[in-house]
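Asks: Just dropping this structure here.
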Amino acid sequence: MIIVRIIGGLGNQLFQYAAGLRLATIHGTMLKLDLSDFKHYNLHDYGLSAFGIKEFIATPEEIQLLKEPESSSLKKKLNKLLRRPSKLGKTHILEKQYHFDPEILAMHDSVYLDGYWQSEKYFLDIADIIKSEFTVKLPQTDKNMELAQQLTSCESVSLHVRRGDYVADAKTNTIHGTCDLDYYARCIERLARKIHHPCFFVFSDDPEWAERNLKIPYPTTFITHNGPKRNYEDLRLMSQCRHHIIANSSFSWWGAWLGQHRETIVYTPKRWFNSPSFNTQDLIPETWTRI
């Protein structure tokens with residue numbers, strides 16, 4: 001059994017699930033989700049139920065068995081649960097660094113993963129499984145279906161502007177910061193030299209700000225109708241675009257990574273964090289371009 005702690009926004013949750021699924025898949029064991037933090041976490045909602053994942057929720061006892069197995073009584077319970085004697089060693093695996101940690105790929109089959117795991121290297125070898133499970137369960141309807149048809153009939157470009165807590169929360173702003181308008185202008189100019197007649201589709205958690213401030217000299221549609229409760233619909237629309245200009249955000253990272261087009265251009269900011277303490281060398285896939 002693998003248990004993964006799920007917390008943060010939808011992009012973070014997708015990374016956490018993907019890392020846990022890879023480990024569970026190679027061991028042929030069950031992946032369970034620890035959702036207990038959402039009882040007191042109000043910044044984002046749990047969002048993985050919108051996707052075709054195998055959604056097994058860990059019980060408090062199962063979480064305790066892997067998260068706090070220090071006492072002999074808990075070890076006995078864990079051995080009984082696994083139906084075999086065990087010399088597992090450490091079972092509560094805390095992420096020790098932001099960049100890729102290859103030791104995670106070699107973990108045994110009874111661990112509690114506690115971190116963000118933001119690199120495709122944690123799950124690239126099961127990419128087809130990940131993309132299958134990260135398919136939205138409900139069919140596209142109404143305006144989303146109309147937009148999806150537009151996206152496939154033009155040189156569509158998803159452009160993501162992340163603000164929200166990156167702006168409103170001082171601590172978060174200090175760590176992350178936001179992509180400035182110059183970044184978007186450079187991406188737009190560079191992309192327009194590579195493709196003919198680009199059409200931009202702008203996604204943002206602050207669409208009013210984006211519409212006031214982004215000056216795009218090409219056909220542009222601002223996506224405003226889904227809102228935070230249906231952010232998975234925005235993610236699906238992003239993935240249906242041909243090209244991507246992402247923010248320093250795991251949400252648009254997944255919008256690009258789940259993209260359905262082989263000949264795609266993805267632009268990403270060189271600076272992902274304000275803080276220089278984060279090593280982001282493994283965050284961006286090799287085929288994407290930092291600007």
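So you can find residues: chains in the structure tokens are A, B, ... in the order shown, residues in each start at 1, and ligands are numbered from 1 in order.
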Determine which residues of stretch 56-226 of chain A receive a DSSP assignment of helix (DSSP H, G or I), computed from the backbone, and state them as a VMD selection string.
Replies: chain A and resid 60 to 67 72 to 82 102 to 106 120 to 122 124 to 133 142 to 152 165 to 168 170 to 175 181 to 192 207 to 213
Asks: Neighbouring residues of A:Asp128 were defined as those with any atom within 12 Å, considering only C-alpha atoms; residues of the same chain fewer than 2 positions away were excluded. Please report them as an MDAnalysis selection string.
Replies: chainID A and resid 18 22 123:126 130:135 257:258 260
Asks: What does the file look like for those residues with N, CA and C atoms, as a compact mmCIF listing (two decimals), in the first residue's frame?
Replies:
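part-v4.txt, freshly written:
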# COMPACT_ATOMS: atom_id res chain seq x y z
N ALA A 18 0.26 11.64 -9.10
CA ALA A 18 1.07 11.01 -10.15
C ALA A 18 2.28 10.29 -9.57
N ARG A 22 2.78 6.14 -9.67
CA ARG A 22 3.92 5.47 -10.29
C ARG A 22 4.51 4.42 -9.35
N PHE A 123 7.23 10.23 -12.71
CA PHE A 123 6.16 9.40 -13.28
C PHE A 123 6.22 9.28 -14.80
N LEU A 124 7.31 9.73 -15.43
CA LEU A 124 7.36 9.76 -16.89
C LEU A 124 7.24 8.37 -17.49
N ASP A 125 7.74 7.35 -16.79
CA ASP A 125 7.69 6.00 -17.36
C ASP A 125 6.29 5.40 -17.34
N ILE A 126 5.32 6.06 -16.72
CA ILE A 126 3.92 5.61 -16.82
C ILE A 126 3.07 6.77 -17.35
N ILE A 130 -0.91 7.94 -16.60
CA ILE A 130 -1.23 9.22 -15.97
C ILE A 130 -2.21 10.00 -16.84
N LYS A 131 -1.93 10.10 -18.12
CA LYS A 131 -2.80 10.88 -19.01
C LYS A 131 -4.20 10.27 -19.11
N SER A 132 -4.26 8.96 -19.04
CA SER A 132 -5.56 8.29 -19.07
C SER A 132 -6.36 8.60 -17.80
N GLU A 133 -5.71 8.50 -16.65
CA GLU A 133 -6.43 8.75 -15.39
C GLU A 133 -6.75 10.23 -15.19
N PHE A 134 -5.96 11.11 -15.79
CA PHE A 134 -6.21 12.55 -15.65
C PHE A 134 -7.12 13.07 -16.76
N THR A 135 -7.99 12.21 -17.25
CA THR A 135 -9.04 12.61 -18.18
C THR A 135 -10.28 12.97 -17.37
N TRP A 257 1.34 19.90 -20.10
CA TRP A 257 1.84 18.52 -20.10
C TRP A 257 0.78 17.54 -20.60
N LEU A 258 -0.47 17.82 -20.29
CA LEU A 258 -1.57 16.96 -20.74
C LEU A 258 -2.01 17.29 -22.16
N GLN A 260 -2.68 17.61 -26.08
CA GLN A 260 -3.05 16.53 -26.99
C GLN A 260 -2.39 16.64 -28.37
Asks: From a DSSP calculation on the backbone, collect every residue of stretch 17-226 of chain A in strand (DSSP E) and output the set as a ChimeraX atom specification.
Replies: /A:31-34,92-94,111-114,155-161,198-204,220-223
Asks: List as a PyMOL selection string the protein and nucleic acid residues near A:Lys194, meaning an atom at most 12 Å away when only C-alpha atoms are counted, but skip any in the same chain fewer than 2 places from it.
Replies: chain A and resi 155+187-192+196-198+243+263-266
Asks: Put those residues in a file: C-alpha atoms, as a PDB file, in the first residue's frame.
Replies:
ATOM      1  CA  GLU A 155      -3.539  27.771 -34.041  1.00  0.00           C
ATOM      2  CA  CYS A 187       6.388  34.982 -25.347  1.00  0.00           C
ATOM      3  CA  ILE A 188       3.655  36.313 -27.634  1.00  0.00           C
ATOM      4  CA  GLU A 189       6.129  38.034 -29.938  1.00  0.00           C
ATOM      5  CA  ARG A 190       8.376  34.987 -30.150  1.00  0.00           C
ATOM      6  CA  LEU A 191       5.525  32.563 -30.723  1.00  0.00           C
ATOM      7  CA  ALA A 192       3.986  34.760 -33.429  1.00  0.00           C
ATOM      8  CA  HIS A 196       0.848  31.781 -38.580  1.00  0.00           C
ATOM      9  CA  HIS A 197      -2.317  33.448 -37.289  1.00  0.00           C
ATOM     10  CA  PRO A 198      -2.156  32.494 -33.589  1.00  0.00           C
ATOM     11  CA  HIS A 243       0.526  25.701 -27.925  1.00  0.00           C
ATOM     12  CA  GLU A 263       3.884  19.509 -32.601  1.00  0.00           C
ATOM     13  CA  THR A 264       3.503  21.899 -29.715  1.00  0.00           C
ATOM     14  CA  ILE A 265       5.390  24.927 -28.439  1.00  0.00           C
ATOM     15  CA  VAL A 266       5.486  25.503 -24.683  1.00  0.00           C
TER      16      VAL A 266
END
Asks: Name the closest residue to A:Val4 among the candidates A:Asn42, A:Trp253, A:Gly52, A:Glu95; distances are taken between atoms, counting only C-alpha atoms.
Replies: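 Looking only at the distances to A:Val4, the closest residue turns out to be A:Glu95.
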Asks: Interatomic distance between atom CA of A:Arg162 and atom CA of A:Ile129?
Replies: 28.0 Å
Asks: List as an MDAnalysis selection string the protein and nucleic acid residues near stretch 248-250 of chain A, meaning an atom at most 9 Å away when only C-alpha atoms are counted, but skip any in the same chain fewer than 3 places from it.
Replies: chainID A and resid 9:12 14:15 118 160:162 176:179 253:255 268:273
Asks: Okay, now the selection with N, CA and C atoms, as a PDB file, in the first residue's frame?
Replies:
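So the final result, stored in result-v9.pdb, reads:
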ATOM      1  N   GLY A   9      -3.307  23.371  -4.344  1.00  0.00           N
ATOM      2  CA  GLY A   9      -4.226  23.555  -5.455  1.00  0.00           C
ATOM      3  C   GLY A   9      -4.278  22.341  -6.358  1.00  0.00           C
ATOM      4  N   LEU A  10      -5.089  22.415  -7.405  1.00  0.00           N
ATOM      5  CA  LEU A  10      -5.305  21.256  -8.265  1.00  0.00           C
ATOM      6  C   LEU A  10      -4.013  20.778  -8.916  1.00  0.00           C
ATOM      7  N   GLY A  11      -3.165  21.704  -9.350  1.00  0.00           N
ATOM      8  CA  GLY A  11      -1.891  21.301  -9.960  1.00  0.00           C
ATOM      9  C   GLY A  11      -1.024  20.516  -8.999  1.00  0.00           C
ATOM     10  N   ASN A  12      -0.934  20.984  -7.751  1.00  0.00           N
ATOM     11  CA  ASN A  12      -0.169  20.258  -6.736  1.00  0.00           C
ATOM     12  C   ASN A  12      -0.748  18.863  -6.502  1.00  0.00           C
ATOM     13  N   LEU A  14      -2.370  16.988  -8.547  1.00  0.00           N
ATOM     14  CA  LEU A  14      -2.063  16.114  -9.677  1.00  0.00           C
ATOM     15  C   LEU A  14      -0.634  15.583  -9.590  1.00  0.00           C
ATOM     16  N   PHE A  15       0.321  16.446  -9.216  1.00  0.00           N
ATOM     17  CA  PHE A  15       1.699  15.990  -9.036  1.00  0.00           C
ATOM     18  C   PHE A  15       1.781  14.927  -7.943  1.00  0.00           C
ATOM     19  N   GLN A 118       7.305  17.764  -7.776  1.00  0.00           N
ATOM     20  CA  GLN A 118       7.016  18.511  -8.999  1.00  0.00           C
ATOM     21  C   GLN A 118       8.097  18.315 -10.066  1.00  0.00           C
ATOM     22  N   HIS A 160      -1.716  31.482 -19.568  1.00  0.00           N
ATOM     23  CA  HIS A 160      -2.189  31.435 -18.181  1.00  0.00           C
ATOM     24  C   HIS A 160      -1.579  32.557 -17.361  1.00  0.00           C
ATOM     25  N   VAL A 161      -2.441  33.284 -16.666  1.00  0.00           N
ATOM     26  CA  VAL A 161      -2.019  34.345 -15.749  1.00  0.00           C
ATOM     27  C   VAL A 161      -2.417  33.917 -14.342  1.00  0.00           C
ATOM     28  N   ARG A 162      -1.434  33.617 -13.520  1.00  0.00           N
ATOM     29  CA  ARG A 162      -1.689  33.193 -12.138  1.00  0.00           C
ATOM     30  C   ARG A 162      -1.489  34.376 -11.203  1.00  0.00           C
ATOM     31  N   HIS A 176       6.836  33.009  -4.329  1.00  0.00           N
ATOM     32  CA  HIS A 176       6.545  32.745  -5.735  1.00  0.00           C
ATOM     33  C   HIS A 176       6.724  33.968  -6.634  1.00  0.00           C
ATOM     34  N   GLY A 177       6.093  35.083  -6.276  1.00  0.00           N
ATOM     35  CA  GLY A 177       6.038  36.205  -7.196  1.00  0.00           C
ATOM     36  C   GLY A 177       5.127  35.875  -8.370  1.00  0.00           C
ATOM     37  N   THR A 178       4.983  36.797  -9.303  1.00  0.00           N
ATOM     38  CA  THR A 178       4.149  36.571 -10.475  1.00  0.00           C
ATOM     39  C   THR A 178       4.943  36.871 -11.747  1.00  0.00           C
ATOM     40  N   CYS A 179       4.479  36.330 -12.851  1.00  0.00           N
ATOM     41  CA  CYS A 179       5.091  36.638 -14.140  1.00  0.00           C
ATOM     42  C   CYS A 179       4.669  38.049 -14.554  1.00  0.00           C
ATOM     43  N   TRP A 253       1.206  24.218 -15.799  1.00  0.00           N
ATOM     44  CA  TRP A 253       2.173  23.160 -16.122  1.00  0.00           C
ATOM     45  C   TRP A 253       1.420  21.929 -16.598  1.00  0.00           C
ATOM     46  N   TRP A 254       0.388  21.546 -15.860  1.00  0.00           N
ATOM     47  CA  TRP A 254      -0.384  20.363 -16.236  1.00  0.00           C
ATOM     48  C   TRP A 254      -1.220  20.617 -17.484  1.00  0.00           C
ATOM     49  N   GLY A 255      -1.711  21.845 -17.663  1.00  0.00           N
ATOM     50  CA  GLY A 255      -2.448  22.152 -18.884  1.00  0.00           C
ATOM     51  C   GLY A 255      -1.606  21.902 -20.119  1.00  0.00           C
ATOM     52  N   THR A 268       7.769  28.778 -20.923  1.00  0.00           N
ATOM     53  CA  THR A 268       7.665  28.800 -19.458  1.00  0.00           C
ATOM     54  C   THR A 268       8.642  29.826 -18.899  1.00  0.00           C
ATOM     55  N   PRO A 269       8.329  30.458 -17.771  1.00  0.00           N
ATOM     56  CA  PRO A 269       9.258  31.463 -17.231  1.00  0.00           C
ATOM     57  C   PRO A 269      10.555  30.844 -16.729  1.00  0.00           C
ATOM     58  N   LYS A 270      11.665  31.541 -16.985  1.00  0.00           N
ATOM     59  CA  LYS A 270      12.950  31.092 -16.451  1.00  0.00           C
ATOM     60  C   LYS A 270      12.922  31.077 -14.926  1.00  0.00           C
ATOM     61  N   ARG A 271      12.326  32.101 -14.347  1.00  0.00           N
ATOM     62  CA  ARG A 271      12.280  32.213 -12.884  1.00  0.00           C
ATOM     63  C   ARG A 271      10.928  31.696 -12.401  1.00  0.00           C
ATOM     64  N   TRP A 272      10.968  30.576 -11.700  1.00  0.00           N
ATOM     65  CA  TRP A 272       9.728  29.975 -11.197  1.00  0.00           C
ATOM     66  C   TRP A 272       9.409  30.484  -9.793  1.00  0.00           C
ATOM     67  N   PHE A 273      10.437  30.778  -9.012  1.00  0.00           N
ATOM     68  CA  PHE A 273      10.278  31.290  -7.648  1.00  0.00           C
ATOM     69  C   PHE A 273      11.057  32.591  -7.482  1.00  0.00           C
TER      70      PHE A 273
END
